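Visitor: Okay, here's the structure, questions in a sec.
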Amino acid sequence: MSRRAIMFERAVRCLLPCIAAVAMQASHAEPYAFPPYAKSEQVDADCDRMLADLKASEARLEEMASTRGVALLVDLDAMQRRYEDAGGPMALLTAVHPDKSIRDATDACDLKYQAFNSAFLQNARIYALLKQVQPADDIDRRYQRDLLDAFEDSGVGLPDDKRSRAQQINNDITRLTQEFERRVREDKTRVPFTVAELQGVPADLYKDAQRDEQGRYLLGLAYPTSFPFLENAANGAARERMWRAFQNTGGVDNLKTLAQLGEMRHEYARLFGFESYSDFALRRRMARSEGEVQKFLGTVKDAVAKREVADLEVLRQSKALHLKQSLAKTVVKRWDVLYYTQRARKARFALDQEQFRQYFPPEASLQFVFRLATQLFGVKFTPVQQSLWHADARAFELADIATGQPLGTLFVDLYPRDDKYNHAACWSFRNVSTLVGRQPAAGLVVNFNRQGLTIDELETLLHEFGHALHALLSTTRYTGEGGTNVKLDFVEAPSQMLEDWVYDRKVLALFKDVCPTCKPVPAALLARADKARHFAKGILFSRQHLYASYDLAFYGKQSQEPMALWTKMEGATPLGHVPDTMFPAGFAHIAGGYAAGYYAYLWSLVVAEDLRTAFAANKLDASVGRRYRATVLSHGGEVDPNELVAQFLGRPTDSRAFFKSLSK
Ligand SMILES: [Zn+2]
């Protein structure tokens with residue numbers, strides 16, 4: 001199990017790129033203020049105004065006698081901005097607002113918007129006008145192409161009966177995805193444990209937890225609880241109960257929903273003459289085809305299969321030693337993996353994730369990633385007062401240090417609470433546009449322990465911060481191409497690149513600039529962590545390979561029943577399938593935006609490893625950082641990712657660094 005594996009990244013959940021609405025937009029030089037919703041009625045009212053504006057824009061565009069050239073691209077992008085103005089912050093609030101009536105209202109708005117958008121993208125008149133546009137340069141050409149793709153993928157070219165079916169499916173998919181995510185987010189499962197069963201678990205994890213009438217501690221499934229629990233609980237039966245509860249997040253209702261989503265996406269692809277949803281979706285990605293992805297996954301599998309078996313053997317030895325039993329009698333179960341990985345790592349490298357919390361207080365960790373951005377990209381984050389959704393949420397303005405120019409706004413929500421999105425993600429919910437001087441905004445959401453972060457969690461923070469920087473440092477002409485609006489199998493690369501930074505002594509030394517009272521991580525501990533992170537990589541990558549392969553098979557040529565397929569595929573792995581568990585019920589990625597796209601985490605990592613080579617000599621090199629900002633981050637989606645990376649590296653990207661790293 002990998003923490004990063006279970007993250008969901010992008011805010012906007014439409015099946016297709018969201019194009020929305022026209023509306024006159026004043027130039028936005030002033031800093032962005034988050035809408036302070038106190039009541040669901042305010043959400044409803046903002047939503048209705050947005051939809052009215054979008055409809056008016058559509059009507060205005062339809063009446064145009066002939067194409068207005070590039071002005072049409074500008075009009076369509078203005079619609080995207082109008083959508084983001086209201087729908088952007090709402091997408092974030094769905095995940096973080098404590099008030100259920102507001103979360104439900106933002107979901108309801110998303111449904112209304114989807115209904116508008118799926119119809120709008122079938123507007124044949126506007127599509128025809130768009131086709132006539134003569135682009136003035138490559139940026140216009142790319143935006144025009146992306147818009148045409150969105151219309152075409154929404155069914156503008158289909159016969160009438162299929163067109164209305166496509167609309168219906170798009171709307172149903174939005175609704176079902178919302179239901180799936182809601183069940184995961186609002187899962188109230190609490191697992192009871194006696195004090196004896198908590199042996200090995202850090203007391204901070206449970207000391208404030210509710211207790212049942214028998215005095216047992218009731219622990220929830222949020223990451224800051226369940227993961228350290230599974231890593232540290234010495235009692236195998238206790239771990240099994242926590243692990244099973246975690247695997248069953250979402251429940252049988254989500255399995256039904258996932259089955260429906262699979263059937264609908266399958267039918268959707270067939271409306272367009274494709275045999276599978278994978279084929280339909282992948283033709284627009286960096287990877288181009290399912291065949292390419294399968295070939296890549298096969299190479300990954302070859303590189304890690306033997307290593308997984310060897311890793312599991314190390315865990316088996318660790319378990320036999322721990323339980324003082326013979327190796328022959330010892331079997332590693334799935335709920336053993338995190339615990340014995342941690343235990344064997346401790347034995348081999350004298351390393352415990354819990355050791356790091358004292359060095360990485362949450363506030364200092366946030367200031368540290370800001371400081372890193374200052375060093376590499378010449379930008380500065382300053383706190384600003386805004387009335388936000390919860391007292392834990394904060395706002396920071398970003399400015400360029402050299403010019404003093406404000407660049408955007410970052411919102412941060414660090415700690416877990418009931419009904420909050422329970423993984424780690426970044427919502428780049430408002431995108432830049434240089435045409436109208438619009439500044440971007442992004443929301444970084446994680447769930448950290450207030451006592452401090454492990455080094456794994458510091459990696460997670462840097463990963464999500466990487467998405468935020470991508471959003472905030474982009475300077476694209478069109479909002480629709482801003483920041484993380486890149487191909488799905490490229491979007492993780494800039495974030496994954498930065499994960500590596502936390503193992504660098506010079507980088508971590510930046511902590512002292514922002515937290516003079518923080519104790520520095522001892523050099524020897526960091527050196528051990530750097531070695532230890534390659535431990536059990538076979539298990540980690542095999543799991544990623546399974547997730548990616550499952551997703552592709554689920555959205556493949558045959559309609560699949562989610563549990564039957566999972567049982568078969570997980571059953572074929574060395575640890576097998578555990579009866580009465582249902583991992584797919586909580587696999588929100590493939591219900592939502594990463595459908596036929598989970599492979600993107602591995603695919604992007606190839607690019608990320610290659611990007612790192614430019615910083616090999618010095619991870620704090622300001623000149624490389626500035627060049628990276630200018631050549632990669634600033635262009636968002638307006639240039640092909642292969643081209644961006646080639647410009648930065650001075651050569652075409654390749655997979656050498658990735659496979660070299662895999663063999664470490
Ligand atoms: Zn990510």
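For the structure tokens, the naming scheme is as follows: chains receive sequential letters (A, B, ...) according to their order of presentation, residues are indexed from 1 within each chain, and ligands are indexed from 1 in presentation order.
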Excluding region 369-385 of chain A and residues on its chain fewer than 5 positions from it, collect all residues at most 10 Å away from it, counting only C-alpha atoms, and give them as a PyMOL selection string.

Guide: chain A and resi 31+33+364+394-411+458+461-462+465-466+469+473+501-502+507-508+510-511+513-514+619-630

Visitor: Could you check how far CA of Tyr547 (chain A) sits from CA of Ser276 (chain A), in Å to one decimal?

Guide: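 For CA of Tyr547 (chain A) relative to CA of Ser276 (chain A), the distance reads 18.0 Å.
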
Visitor: Select, from A:Ser495, A:Ala646, A:Arg612, A:Ser604, the residue with the minimum atom-to-atom distance to ligand 1, counting only C-alpha atoms and all ligand atoms.

Guide: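 Checking each candidate against ligand 1, we get A:Ser495 as the closest.
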
Visitor: For region 516-528 of chain A, please output as a count of residues only all residues within 12 Å (counting only C-alpha atoms; exclusion window: fewer than 5 positions along the same chain).

Guide: 39

Visitor: Could you give me, as a PyMOL selection string, the residues within 6 Å of region 648-662 of chain A, counting only C-alpha atoms and dropping anything in the same chain fewer than 2 positions from it?

Guide: chain A and resi 606+609-610+631+645-646+664

Visitor: Determine the nearest neighbour of ligand 1 from the options A:Glu499, A:Glu643, A:Asp149, A:Asp279, counting only C-alpha atoms and all ligand atoms.

Guide: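 Nearest to ligand 1: A:Glu499.
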